[in-house]
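So the structure is just underneath, and the comments pick up after that.
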There are 2 protein chains.
Amino acid sequence: MKLAIDAMSGDLGSSIVVEACRSFLEKNKTDELYVVGKIEELEALKEYQQVTLIDARETFEMTENILAIRRKKESSLVKAMMLARNNEVDGVLSCGNTGAYYACAMLFLKRIKGIDKSCLMATIPTLNDKGVCMLDVGANAENTAEQLVQFAIMGNVYAKNVRHIQKPKVALLNIGSEDHKGDEIHKETYQSLKELQQIDFVGNIEGKEILKGDVDVIVTDGFTGNVTLKTIEGVALSMMSALKDGFMSSTRTKLGAVMSKPVLKNLKNKFDPAGVGGALMMGFVKPVVKAHGASDAKAFESAMNLAFNMIETNVVDKMKVGLNESGIR
Amino acid sequence: MKLAIDAMSGDLGSSIVVEACRSFLEKNKTDELYVVGKIEELEALKEYQQVTLIDARETFEMTENILAIRRKKESSLVKAMMLARNNEVDGVLSCGNTGAYYACAMLFLKRIKGIDKSCLMATIPTLNDKGVCMLDVGANAENTAEQLVQFAIMGNVYAKNVRHIQKPKVALLNIGSEDHKGDEIHKETYQSLKELQQIDFVGNIEGKEILKGDVDVIVTDGFTGNVTLKTIEGVALSMMSALKDGFMSSTRTKLGAVMSKPVLKNLKNKFDPAGVGGALMMGFVKPVVKAHGASDAKAFESAMNLAFNMIETNVVDKMKVGLNESGIR
């Protein structure tokens with residue numbers, strides 16, 4: 001299996017990518033890595049037979065307008081994506097700007113037949129540590145009921161094959177648990193999901209239930225999903241910040257903070273949005289994985305493993321089967 | 001000024017309402033209270049000249065279908081609302097089921113001229129303790145751009161007059177800060193709000209910024225607002241629960257919890273959804289205030305003061321002026 005890796009787009013530069021690749025290659029002697037970046041920074045990977053280095057002189061900055069990606073043909077991001085487009089690799093990995101990366105996939109990769117709109121999926125940490133996949137978290141500003149059903153099929157295939165959940169519980173994010181809740185699109189989606197035999201549709205889920213971890217896949221339109229994901233991040237950060245300020249307020253509480261260190265560290269690990277580890281671009285003919293911009297070598301290596309996991313388990317083909325069975329295409 | 005009070009619908013029964021009324025009447029010698037409930041439970045209020053007691057034998061249970069309110073003519077909730085409808089009072093207060101209460105207002109009260117859709121407004125606690133008003137948080141499953149503009153006008157009048165913020169910062173909840181973000185409705189709303197001279201429109205706000213408290217009024221459609229409000233509640237509760245579990249995990253952390261008690265208590269007070277204290281039904285010709293279902297006497301008394309504050313500052317008339325100036329009606 002072959003993975004294209006954009007080595008230049010993360011906050012910490014190419015060194016963490018080099019480190020991650022070396023660690024990966026210690027354990028894996030068959031898969032191939034196509035590493036794209038400034039070749040002089042990737043010297044240390046030359047010795048590996050499994051590595052192909054591709055020089056790219058341009059980088060795409062976090063601050064650039066994402067549409068500028070069209071003109072960045074020499075960037076590591078576009079060059080990595082072109083490898084996938086030309087079938088030289090089976091998947092793509094980058095920790096670059098989500099918007100630019102997604103725009104780049106939209107420009108150069110085909111969508112799976114039967115998928116009207118590609119989307120973004122995030123795995124959100126939950127209280128019970130199982131995590132829940134939510135899609136779309138912001139690729140689209142609005143979606144139809146048909147598109148939401150397609151998201152459900154993709155999320156279900158992913159949870160089953162990549163997360164090894166035998167019978168993933170799929171829920172629709174809505175404003176109440178009853179089937180008549182929501183606008184017309186959500187009512188229609190509810191009915192379609194209820195009839196879709198290939199998924200275990202457990203009904204509507206409300207915002208207050210998301211972090212409980214009782215369901216495995218949450219289907220939502222890109223507008224609601226984006227506001228919800230960012231709200232989760234914002235509340236978690238605000239509470240951590242309020243905790244920190246509180247602990248600094250007196251000698252007693254400073255001592256308390258020392259005693260409570262394991263609790264606070266655990267809470268931070270549990271809910272830190274940076275721990276979510278990026279997102280997946282769903283609906284393209286090849287796996288497109290986004291590692292978190294602030295990834296260190298360890299986080300980047302797990303993103304590599306995730307990408308290979310998606311390639312190995314043929315999720316894209318299984319999504320096609322799911323779409324076929326649903327009668328959508 | 002006259003306020004109708006539903007004494008029966010809270011979780012803690014009529015006793016907290018009686019206690020709140022007595023405390024209120026100690027301080028206030030002019031305003032009149034129309035207290036609706038089982039008259040034998042309200043005996044203690046008989047001695048006050050400012051109180052009119054109205055007997056109501058039925059109550060509306062939290063578990064009942066909200067549409068059953070149509071048939072509950074003898075309930076304290078409907079009887080209190082009818083006093084407002086018949087112009088015998090200037091406002092209504094209840095801590096009953098939000099859905100039933102809202103349905104009841106829709107059935108029996110007129111909307112302000114120029115308001116297409118009434119809505120629900122909540123005041124959300126923020127990191128800087130200022131709080132932020134968000135509307136609509138769930139009365140409508142979908143809204144038009146015109147309706148969102150009407151919500152902005154109402155929220156602005158409320159923040160200015162009742163919360164005494166001279167120049168409230170009004171923002172639109174959206175999926176990005178730039179003006180081209182969102183679906184057609186949000187793009188159109190953005191442009192209309194930008195042109196609306198009576199408000200200080202500060203642009204789009206993302207989910208992660210809500211709790212920072214940098215803005216005073218957040219305008220959103222009922223679907224997004226409901227999911228967002230419930231997500232805030234859910235994340236806050238989940239984090240408090242994870243903290244609690246963490247502190248219970250070892251002797252060290254149990255000791256840490258004792259040392260950290262003021263911090264934890266403060267955090268709970270700051271973000272406890274129960275502390276939000278209910279919601280306002282906006283867009284009706286009289287103030288309709290909902291106290292939290294679990295209100296104690298103190299919380300209920302502050303809801304009484306809020307209701308009188310809204311009556312005294314003539315927010316409804318000022319909303320009419322705002323709508324007139326906007327050229328909407």
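Please note that chains go A, B, ... in the order of the structure tokens, that every chain numbers its residues from 1, and that ligands are numbered from 1 in the order shown.
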### Task
Output as a PyMOL selection string the set of chain A residues within 6 Å of chain B, with distances taken over only C-alpha atoms.
chain A and resi 141-142+175+182-183+207-208+224+227-228+230-231+233-234+246+253+256+259-260+263
Near A:Asn309, counting only C-alpha atoms, which residues have an atom at most 9 Å away, once you skip same-chain residues fewer than 6 positions from it, shown as a short mmCIF file (atom, residue, chain, number, x, y, z; two decimals) with C-alpha atoms, in the first residue's frame?
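Just written: selection_31.cif:
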data_model
loop_
_atom_site.label_atom_id
_atom_site.label_comp_id
_atom_site.auth_asym_id
_atom_site.auth_seq_id
_atom_site.Cartn_x
_atom_site.Cartn_y
_atom_site.Cartn_z
CA ASN A 161 -14.30 -1.17 9.44
CA VAL A 162 -11.80 1.29 10.81
CA VAL A 315 -13.37 1.64 3.24
#
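Interatomic distance, atom CA of B:Cys119 to atom CA of B:Gly283: 6.6 Å.
Take the candidates A:Val18, A:Ala279, A:Leu120, A:Val289 and check each one against A:Asp90 using only C-alpha atoms; the shortest distance goes to A:Val289.
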### Summary
Among B:Glu32, B:Glu188, B:Val170, B:Glu325, B:Val89 is approached most closely, using only C-alpha atoms, by B:Glu32
So which residues touch A:Cys104 within 9 Å, counting only C-alpha atoms, skipping near sequence neighbours fewer than 5 positions away, as a short mmCIF file (atom, residue, chain, number, x, y, z; two decimals) with all heavy atoms, in the first residue's frame?
data_model
loop_
_atom_site.label_atom_id
_atom_site.label_comp_id
_atom_site.auth_asym_id
_atom_site.auth_seq_id
_atom_site.Cartn_x
_atom_site.Cartn_y
_atom_site.Cartn_z
N ILE A 66 -7.71 30.19 1.26
CA ILE A 66 -7.67 28.79 0.86
C ILE A 66 -7.81 28.61 -0.65
O ILE A 66 -7.33 27.64 -1.21
CB ILE A 66 -8.74 27.93 1.58
CG1 ILE A 66 -10.14 28.47 1.34
CG2 ILE A 66 -8.45 27.84 3.05
CD1 ILE A 66 -11.21 27.48 1.75
N LEU A 67 -8.45 29.55 -1.31
CA LEU A 67 -8.64 29.38 -2.75
C LEU A 67 -7.34 29.58 -3.53
O LEU A 67 -7.22 29.17 -4.68
CB LEU A 67 -9.74 30.31 -3.26
CG LEU A 67 -11.11 29.95 -2.66
CD1 LEU A 67 -12.16 30.94 -3.10
CD2 LEU A 67 -11.52 28.53 -3.04
N ILE A 69 -4.95 27.95 -3.23
CA ILE A 69 -4.41 26.60 -3.46
C ILE A 69 -4.40 26.26 -4.95
O ILE A 69 -3.53 25.53 -5.43
CB ILE A 69 -5.19 25.55 -2.63
CG1 ILE A 69 -4.40 24.24 -2.52
CG2 ILE A 69 -6.58 25.28 -3.17
CD1 ILE A 69 -3.21 24.31 -1.63
N ARG A 70 -5.34 26.84 -5.70
CA ARG A 70 -5.41 26.59 -7.14
C ARG A 70 -4.11 26.96 -7.86
O ARG A 70 -3.75 26.37 -8.86
CB ARG A 70 -6.50 27.46 -7.78
CG ARG A 70 -7.89 27.11 -7.40
CD ARG A 70 -8.83 28.25 -7.84
NE ARG A 70 -10.15 28.09 -7.28
CZ ARG A 70 -11.13 27.40 -7.85
NH1 ARG A 70 -10.94 26.84 -9.01
NH2 ARG A 70 -12.31 27.28 -7.27
N LEU A 77 1.39 20.29 -0.63
CA LEU A 77 0.01 19.82 -0.49
C LEU A 77 -0.56 19.39 -1.85
O LEU A 77 -1.09 18.28 -2.00
CB LEU A 77 -0.85 20.94 0.13
CG LEU A 77 -2.28 20.59 0.50
CD1 LEU A 77 -2.35 19.39 1.42
CD2 LEU A 77 -2.95 21.79 1.20
N VAL A 78 -0.44 20.26 -2.84
CA VAL A 78 -0.98 19.94 -4.16
C VAL A 78 -0.22 18.76 -4.78
O VAL A 78 -0.82 17.85 -5.36
CB VAL A 78 -0.92 21.17 -5.10
CG1 VAL A 78 -1.31 20.77 -6.52
CG2 VAL A 78 -1.87 22.25 -4.59
N MET A 81 -1.43 15.60 -3.31
CA MET A 81 -2.78 15.29 -3.80
C MET A 81 -2.72 14.76 -5.24
O MET A 81 -3.47 13.85 -5.62
CB MET A 81 -3.65 16.55 -3.72
CG MET A 81 -5.14 16.31 -3.88
SD MET A 81 -5.84 15.30 -2.54
CE MET A 81 -5.92 16.51 -1.21
N GLY A 99 -9.15 23.96 5.48
CA GLY A 99 -9.89 24.54 4.36
C GLY A 99 -9.15 24.35 3.04
O GLY A 99 -9.73 23.95 2.03
N LEU A 109 -9.44 15.49 -6.70
CA LEU A 109 -9.89 14.10 -6.54
C LEU A 109 -11.35 13.95 -6.96
O LEU A 109 -12.16 14.86 -6.78
CB LEU A 109 -9.75 13.65 -5.09
CG LEU A 109 -8.36 13.26 -4.58
CD1 LEU A 109 -8.50 12.57 -3.24
CD2 LEU A 109 -7.64 12.35 -5.57
#
### Task
Compile the contact shell of stretch 3-8 of chain B as an MDAnalysis selection string: residues with an atom at most 9 Å away, counting only C-alpha atoms, same-chain residues fewer than 5 positions apart removed.
chainID B and resid 13:18 31:38 42 56 58:60 75:81 83:84 88:96 304 307:308 311
### Task
Excluding stretch 111-118 of chain A and residues on its chain fewer than 3 positions from it, collect all residues at most 7 Å away from it, counting only C-alpha atoms, and give them as a list of chain:residue names.
A:Gln147, A:Gln150, A:Met282, A:Gly283, A:Phe284, A:Val285, A:Lys320, A:Leu323, A:Ile328, A:Arg329
N, CA and C atoms of the current selection, written as a PDB file, in the first residue's frame:
ATOM      1  N   GLN A 147     -28.218  13.911   0.984  1.00  0.00           N
ATOM      2  CA  GLN A 147     -26.801  14.013   1.346  1.00  0.00           C
ATOM      3  C   GLN A 147     -26.563  13.527   2.773  1.00  0.00           C
ATOM      4  N   GLN A 150     -26.359   9.882   2.749  1.00  0.00           N
ATOM      5  CA  GLN A 150     -25.053   9.445   2.246  1.00  0.00           C
ATOM      6  C   GLN A 150     -23.978   9.569   3.339  1.00  0.00           C
ATOM      7  N   MET A 282     -14.324  12.997   3.705  1.00  0.00           N
ATOM      8  CA  MET A 282     -15.099  11.818   3.321  1.00  0.00           C
ATOM      9  C   MET A 282     -15.772  12.015   1.969  1.00  0.00           C
ATOM     10  N   GLY A 283     -15.866  10.905   1.217  1.00  0.00           N
ATOM     11  CA  GLY A 283     -16.595  10.948  -0.042  1.00  0.00           C
ATOM     12  C   GLY A 283     -15.697  10.949  -1.263  1.00  0.00           C
ATOM     13  N   PHE A 284     -14.372  10.992  -1.062  1.00  0.00           N
ATOM     14  CA  PHE A 284     -13.458  10.955  -2.200  1.00  0.00           C
ATOM     15  C   PHE A 284     -13.071   9.510  -2.510  1.00  0.00           C
ATOM     16  N   VAL A 285     -12.551   9.292  -3.716  1.00  0.00           N
ATOM     17  CA  VAL A 285     -12.258   7.924  -4.137  1.00  0.00           C
ATOM     18  C   VAL A 285     -11.036   7.323  -3.448  1.00  0.00           C
ATOM     19  N   LYS A 320     -18.904   2.354  -1.386  1.00  0.00           N
ATOM     20  CA  LYS A 320     -19.588   2.178  -2.671  1.00  0.00           C
ATOM     21  C   LYS A 320     -20.658   1.100  -2.557  1.00  0.00           C
ATOM     22  N   LEU A 323     -23.595   2.396  -0.638  1.00  0.00           N
ATOM     23  CA  LEU A 323     -24.411   3.305  -1.451  1.00  0.00           C
ATOM     24  C   LEU A 323     -25.250   2.524  -2.463  1.00  0.00           C
ATOM     25  N   ILE A 328     -29.232   4.412  -3.611  1.00  0.00           N
ATOM     26  CA  ILE A 328     -29.069   5.852  -3.827  1.00  0.00           C
ATOM     27  C   ILE A 328     -28.501   6.172  -5.207  1.00  0.00           C
ATOM     28  N   ARG A 329     -27.498   5.400  -5.661  1.00  0.00           N
ATOM     29  CA  ARG A 329     -26.865   5.768  -6.947  1.00  0.00           C
ATOM     30  C   ARG A 329     -27.662   5.223  -8.140  1.00  0.00           C
TER      31      ARG A 329
END
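If you count only C-alpha atoms and ignore residues fewer than 3 places along the chain from B:Asp296, what sits within 8 Å of it is Leu12, Ile16, Ala299 and Phe300 of chain B.
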Expected file contents, prior selection, N, CA and C atoms, as a tab-separated table (two decimals), in the first residue's frame:
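Full text of again.tsv as output:
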chain	number	residue	atom	x	y	z
B	12	LEU	N	-40.43	22.39	42.57
B	12	LEU	CA	-40.49	22.43	44.03
B	12	LEU	C	-41.85	22.84	44.57
B	16	ILE	N	-42.23	27.47	47.24
B	16	ILE	CA	-41.15	28.41	46.92
B	16	ILE	C	-41.70	29.70	46.30
B	299	ALA	N	-34.24	32.22	43.35
B	299	ALA	CA	-34.22	32.27	41.88
B	299	ALA	C	-35.56	32.76	41.35
B	300	PHE	N	-36.65	32.33	41.99
B	300	PHE	CA	-37.97	32.75	41.53
B	300	PHE	C	-38.17	34.25	41.77
### Query
In Å, with one decimal, what is the gap from atom CA of B:Lys167 to atom CA of B:Gly203?
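For atom CA of B:Lys167 relative to atom CA of B:Gly203, the distance reads 14.8 Å.
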Could you go through stretch 88-318 of chain A and tell me which residues DSSP, when run on the backbone, assigns to strand (DSSP E or B), listing them as a PDB file with N, CA, C and O atoms, in the first residue's frame?
ATOM      1  N   GLY A  91      -3.646   6.813  -0.910  1.00  0.00           N
ATOM      2  CA  GLY A  91      -4.243   7.742   0.045  1.00  0.00           C
ATOM      3  C   GLY A  91      -3.315   8.911   0.291  1.00  0.00           C
ATOM      4  O   GLY A  91      -2.161   8.900  -0.143  1.00  0.00           O
ATOM      5  N   VAL A  92      -3.839   9.945   0.966  1.00  0.00           N
ATOM      6  CA  VAL A  92      -3.060  11.169   1.205  1.00  0.00           C
ATOM      7  C   VAL A  92      -3.142  11.557   2.680  1.00  0.00           C
ATOM      8  O   VAL A  92      -4.195  11.402   3.305  1.00  0.00           O
ATOM      9  N   LEU A  93      -2.017  12.080   3.194  1.00  0.00           N
ATOM     10  CA  LEU A  93      -1.986  12.563   4.574  1.00  0.00           C
ATOM     11  C   LEU A  93      -1.284  13.915   4.631  1.00  0.00           C
ATOM     12  O   LEU A  93      -0.222  14.096   4.055  1.00  0.00           O
ATOM     13  N   SER A  94      -1.910  14.858   5.354  1.00  0.00           N
ATOM     14  CA  SER A  94      -1.286  16.171   5.551  1.00  0.00           C
ATOM     15  C   SER A  94      -1.753  16.724   6.881  1.00  0.00           C
ATOM     16  O   SER A  94      -2.812  16.342   7.383  1.00  0.00           O
ATOM     17  N   ARG A 111     -15.136  12.275  -6.589  1.00  0.00           N
ATOM     18  CA  ARG A 111     -15.972  11.766  -5.508  1.00  0.00           C
ATOM     19  C   ARG A 111     -16.398  10.334  -5.814  1.00  0.00           C
ATOM     20  O   ARG A 111     -16.437   9.926  -6.983  1.00  0.00           O
ATOM     21  N   CYS A 119     -17.554  15.591   2.451  1.00  0.00           N
ATOM     22  CA  CYS A 119     -17.734  16.279   3.733  1.00  0.00           C
ATOM     23  C   CYS A 119     -16.568  16.018   4.665  1.00  0.00           C
ATOM     24  O   CYS A 119     -15.653  15.266   4.334  1.00  0.00           O
ATOM     25  N   LEU A 120     -16.607  16.669   5.811  1.00  0.00           N
ATOM     26  CA  LEU A 120     -15.565  16.521   6.826  1.00  0.00           C
ATOM     27  C   LEU A 120     -16.094  15.720   8.004  1.00  0.00           C
ATOM     28  O   LEU A 120     -17.186  15.988   8.495  1.00  0.00           O
ATOM     29  N   MET A 121     -15.291  14.753   8.452  1.00  0.00           N
ATOM     30  CA  MET A 121     -15.705  13.984   9.631  1.00  0.00           C
ATOM     31  C   MET A 121     -14.669  14.163  10.737  1.00  0.00           C
ATOM     32  O   MET A 121     -13.472  14.062  10.500  1.00  0.00           O
ATOM     33  N   ALA A 122     -15.142  14.425  11.951  1.00  0.00           N
ATOM     34  CA  ALA A 122     -14.241  14.526  13.105  1.00  0.00           C
ATOM     35  C   ALA A 122     -14.589  13.425  14.090  1.00  0.00           C
ATOM     36  O   ALA A 122     -15.731  12.982  14.147  1.00  0.00           O
ATOM     37  N   THR A 123     -13.599  12.971  14.837  1.00  0.00           N
ATOM     38  CA  THR A 123     -13.885  12.034  15.923  1.00  0.00           C
ATOM     39  C   THR A 123     -13.766  12.814  17.228  1.00  0.00           C
ATOM     40  O   THR A 123     -12.704  13.338  17.562  1.00  0.00           O
ATOM     41  N   ILE A 124     -14.896  12.914  17.915  1.00  0.00           N
ATOM     42  CA  ILE A 124     -14.978  13.764  19.112  1.00  0.00           C
ATOM     43  C   ILE A 124     -14.795  12.894  20.358  1.00  0.00           C
ATOM     44  O   ILE A 124     -15.382  11.820  20.451  1.00  0.00           O
ATOM     45  N   VAL A 132     -16.833   9.587  19.341  1.00  0.00           N
ATOM     46  CA  VAL A 132     -17.960   9.512  18.408  1.00  0.00           C
ATOM     47  C   VAL A 132     -17.583  10.260  17.128  1.00  0.00           C
ATOM     48  O   VAL A 132     -16.976  11.329  17.174  1.00  0.00           O
ATOM     49  N   CYS A 133     -17.915   9.640  15.991  1.00  0.00           N
ATOM     50  CA  CYS A 133     -17.637  10.277  14.702  1.00  0.00           C
ATOM     51  C   CYS A 133     -18.798  11.193  14.340  1.00  0.00           C
ATOM     52  O   CYS A 133     -19.956  10.771  14.393  1.00  0.00           O
ATOM     53  N   MET A 134     -18.489  12.417  13.973  1.00  0.00           N
ATOM     54  CA  MET A 134     -19.552  13.325  13.546  1.00  0.00           C
ATOM     55  C   MET A 134     -19.242  13.828  12.135  1.00  0.00           C
ATOM     56  O   MET A 134     -18.115  14.212  11.842  1.00  0.00           O
ATOM     57  N   LEU A 135     -20.249  13.799  11.273  1.00  0.00           N
ATOM     58  CA  LEU A 135     -20.089  14.314   9.914  1.00  0.00           C
ATOM     59  C   LEU A 135     -21.432  14.857   9.404  1.00  0.00           C
ATOM     60  O   LEU A 135     -22.457  14.328   9.801  1.00  0.00           O
ATOM     61  N   LYS A 169     -23.944   2.446  16.288  1.00  0.00           N
ATOM     62  CA  LYS A 169     -25.198   3.169  16.509  1.00  0.00           C
ATOM     63  C   LYS A 169     -25.092   4.515  15.803  1.00  0.00           C
ATOM     64  O   LYS A 169     -24.206   5.313  16.086  1.00  0.00           O
ATOM     65  N   VAL A 170     -26.027   4.756  14.886  1.00  0.00           N
ATOM     66  CA  VAL A 170     -26.011   5.981  14.090  1.00  0.00           C
ATOM     67  C   VAL A 170     -27.171   6.874  14.536  1.00  0.00           C
ATOM     68  O   VAL A 170     -28.311   6.401  14.648  1.00  0.00           O
ATOM     69  N   ALA A 171     -26.892   8.145  14.815  1.00  0.00           N
ATOM     70  CA  ALA A 171     -27.948   9.067  15.264  1.00  0.00           C
ATOM     71  C   ALA A 171     -27.934  10.340  14.419  1.00  0.00           C
ATOM     72  O   ALA A 171     -26.932  10.676  13.798  1.00  0.00           O
ATOM     73  N   LEU A 172     -29.075  11.014  14.402  1.00  0.00           N
ATOM     74  CA  LEU A 172     -29.218  12.280  13.670  1.00  0.00           C
ATOM     75  C   LEU A 172     -29.257  13.428  14.677  1.00  0.00           C
ATOM     76  O   LEU A 172     -30.087  13.420  15.592  1.00  0.00           O
ATOM     77  N   LEU A 173     -28.349  14.387  14.526  1.00  0.00           N
ATOM     78  CA  LEU A 173     -28.348  15.544  15.434  1.00  0.00           C
ATOM     79  C   LEU A 173     -29.582  16.399  15.158  1.00  0.00           C
ATOM     80  O   LEU A 173     -29.798  16.842  14.031  1.00  0.00           O
ATOM     81  N   ASP A 200     -27.774   0.823  11.893  1.00  0.00           N
ATOM     82  CA  ASP A 200     -28.547   0.734  13.132  1.00  0.00           C
ATOM     83  C   ASP A 200     -28.877   2.162  13.566  1.00  0.00           C
ATOM     84  O   ASP A 200     -28.145   2.761  14.356  1.00  0.00           O
ATOM     85  N   PHE A 201     -29.974   2.675  13.004  1.00  0.00           N
ATOM     86  CA  PHE A 201     -30.364   4.063  13.294  1.00  0.00           C
ATOM     87  C   PHE A 201     -31.084   4.120  14.635  1.00  0.00           C
ATOM     88  O   PHE A 201     -32.120   3.493  14.817  1.00  0.00           O
ATOM     89  N   VAL A 202     -30.512   4.873  15.567  1.00  0.00           N
ATOM     90  CA  VAL A 202     -31.092   4.929  16.912  1.00  0.00           C
ATOM     91  C   VAL A 202     -31.921   6.187  17.147  1.00  0.00           C
ATOM     92  O   VAL A 202     -32.326   6.460  18.272  1.00  0.00           O
ATOM     93  N   GLY A 203     -32.159   6.946  16.065  1.00  0.00           N
ATOM     94  CA  GLY A 203     -33.041   8.111  16.198  1.00  0.00           C
ATOM     95  C   GLY A 203     -32.281   9.421  16.347  1.00  0.00           C
ATOM     96  O   GLY A 203     -31.091   9.500  16.059  1.00  0.00           O
ATOM     97  N   ASN A 204     -32.996  10.433  16.797  1.00  0.00           N
ATOM     98  CA  ASN A 204     -32.393  11.751  16.971  1.00  0.00           C
ATOM     99  C   ASN A 204     -31.531  11.804  18.222  1.00  0.00           C
ATOM    100  O   ASN A 204     -31.797  11.118  19.209  1.00  0.00           O
ATOM    101  N   ILE A 205     -30.517  12.649  18.160  1.00  0.00           N
ATOM    102  CA  ILE A 205     -29.713  12.908  19.361  1.00  0.00           C
ATOM    103  C   ILE A 205     -29.688  14.423  19.560  1.00  0.00           C
ATOM    104  O   ILE A 205     -29.654  15.194  18.596  1.00  0.00           O
ATOM    105  N   VAL A 217     -21.901   7.174  15.613  1.00  0.00           N
ATOM    106  CA  VAL A 217     -21.854   8.068  14.457  1.00  0.00           C
ATOM    107  C   VAL A 217     -22.972   9.105  14.594  1.00  0.00           C
ATOM    108  O   VAL A 217     -24.123   8.729  14.843  1.00  0.00           O
ATOM    109  N   ILE A 218     -22.629  10.377  14.459  1.00  0.00           N
ATOM    110  CA  ILE A 218     -23.653  11.425  14.482  1.00  0.00           C
ATOM    111  C   ILE A 218     -23.685  12.099  13.112  1.00  0.00           C
ATOM    112  O   ILE A 218     -22.670  12.602  12.634  1.00  0.00           O
ATOM    113  N   VAL A 219     -24.848  12.078  12.502  1.00  0.00           N
ATOM    114  CA  VAL A 219     -25.040  12.666  11.185  1.00  0.00           C
ATOM    115  C   VAL A 219     -25.626  14.065  11.354  1.00  0.00           C
ATOM    116  O   VAL A 219     -26.568  14.248  12.131  1.00  0.00           O
ATOM    117  N   ALA A 279      -9.162  15.546  11.096  1.00  0.00           N
ATOM    118  CA  ALA A 279     -10.445  15.166  10.524  1.00  0.00           C
ATOM    119  C   ALA A 279     -10.205  14.334   9.278  1.00  0.00           C
ATOM    120  O   ALA A 279      -9.076  14.226   8.790  1.00  0.00           O
ATOM    121  N   LEU A 280     -11.257  13.742   8.798  1.00  0.00           N
ATOM    122  CA  LEU A 280     -11.169  12.987   7.557  1.00  0.00           C
ATOM    123  C   LEU A 280     -12.017  13.669   6.500  1.00  0.00           C
ATOM    124  O   LEU A 280     -13.094  14.178   6.790  1.00  0.00           O
ATOM    125  N   MET A 281     -11.498  13.681   5.266  1.00  0.00           N
ATOM    126  CA  MET A 281     -12.287  14.210   4.162  1.00  0.00           C
ATOM    127  C   MET A 281     -13.022  13.010   3.589  1.00  0.00           C
ATOM    128  O   MET A 281     -12.384  12.081   3.086  1.00  0.00           O
ATOM    129  N   MET A 282     -14.324  12.997   3.705  1.00  0.00           N
ATOM    130  CA  MET A 282     -15.099  11.818   3.321  1.00  0.00           C
ATOM    131  C   MET A 282     -15.772  12.015   1.969  1.00  0.00           C
ATOM    132  O   MET A 282     -16.223  13.108   1.642  1.00  0.00           O
ATOM    133  N   PHE A 284     -14.372  10.992  -1.062  1.00  0.00           N
ATOM    134  CA  PHE A 284     -13.458  10.955  -2.200  1.00  0.00           C
ATOM    135  C   PHE A 284     -13.071   9.510  -2.510  1.00  0.00           C
ATOM    136  O   PHE A 284     -13.221   8.631  -1.670  1.00  0.00           O
ATOM    137  N   VAL A 288      -8.452  10.467   2.446  1.00  0.00           N
ATOM    138  CA  VAL A 288      -7.749  11.739   2.591  1.00  0.00           C
ATOM    139  C   VAL A 288      -7.788  12.087   4.084  1.00  0.00           C
ATOM    140  O   VAL A 288      -8.837  12.388   4.631  1.00  0.00           O
ATOM    141  N   VAL A 289      -6.623  11.983   4.718  1.00  0.00           N
ATOM    142  CA  VAL A 289      -6.563  12.140   6.168  1.00  0.00           C
ATOM    143  C   VAL A 289      -5.868  13.443   6.522  1.00  0.00           C
ATOM    144  O   VAL A 289      -4.843  13.800   5.942  1.00  0.00           O
ATOM    145  N   LYS A 290      -6.467  14.140   7.473  1.00  0.00           N
ATOM    146  CA  LYS A 290      -5.882  15.393   7.960  1.00  0.00           C
ATOM    147  C   LYS A 290      -5.415  15.175   9.393  1.00  0.00           C
ATOM    148  O   LYS A 290      -6.227  14.871  10.278  1.00  0.00           O
TER     149      LYS A 290
END
#### Entry: Shell of 10 Å around B:Ala44, only C-alpha atoms, local chain residues under 3 positions omitted, as a ChimeraX atom specification
/B:15,18-19,21-22,39-41,47-48
### Message
To test your reading of the structure, identify every residue in stretch 15-144 of chain A that backbone DSSP assigns to helix (DSSP H, G or I), and report it as a ChimeraX atom specification.
### Response
/A:15-27,39-41,43-45,66-71,76-85,98-108
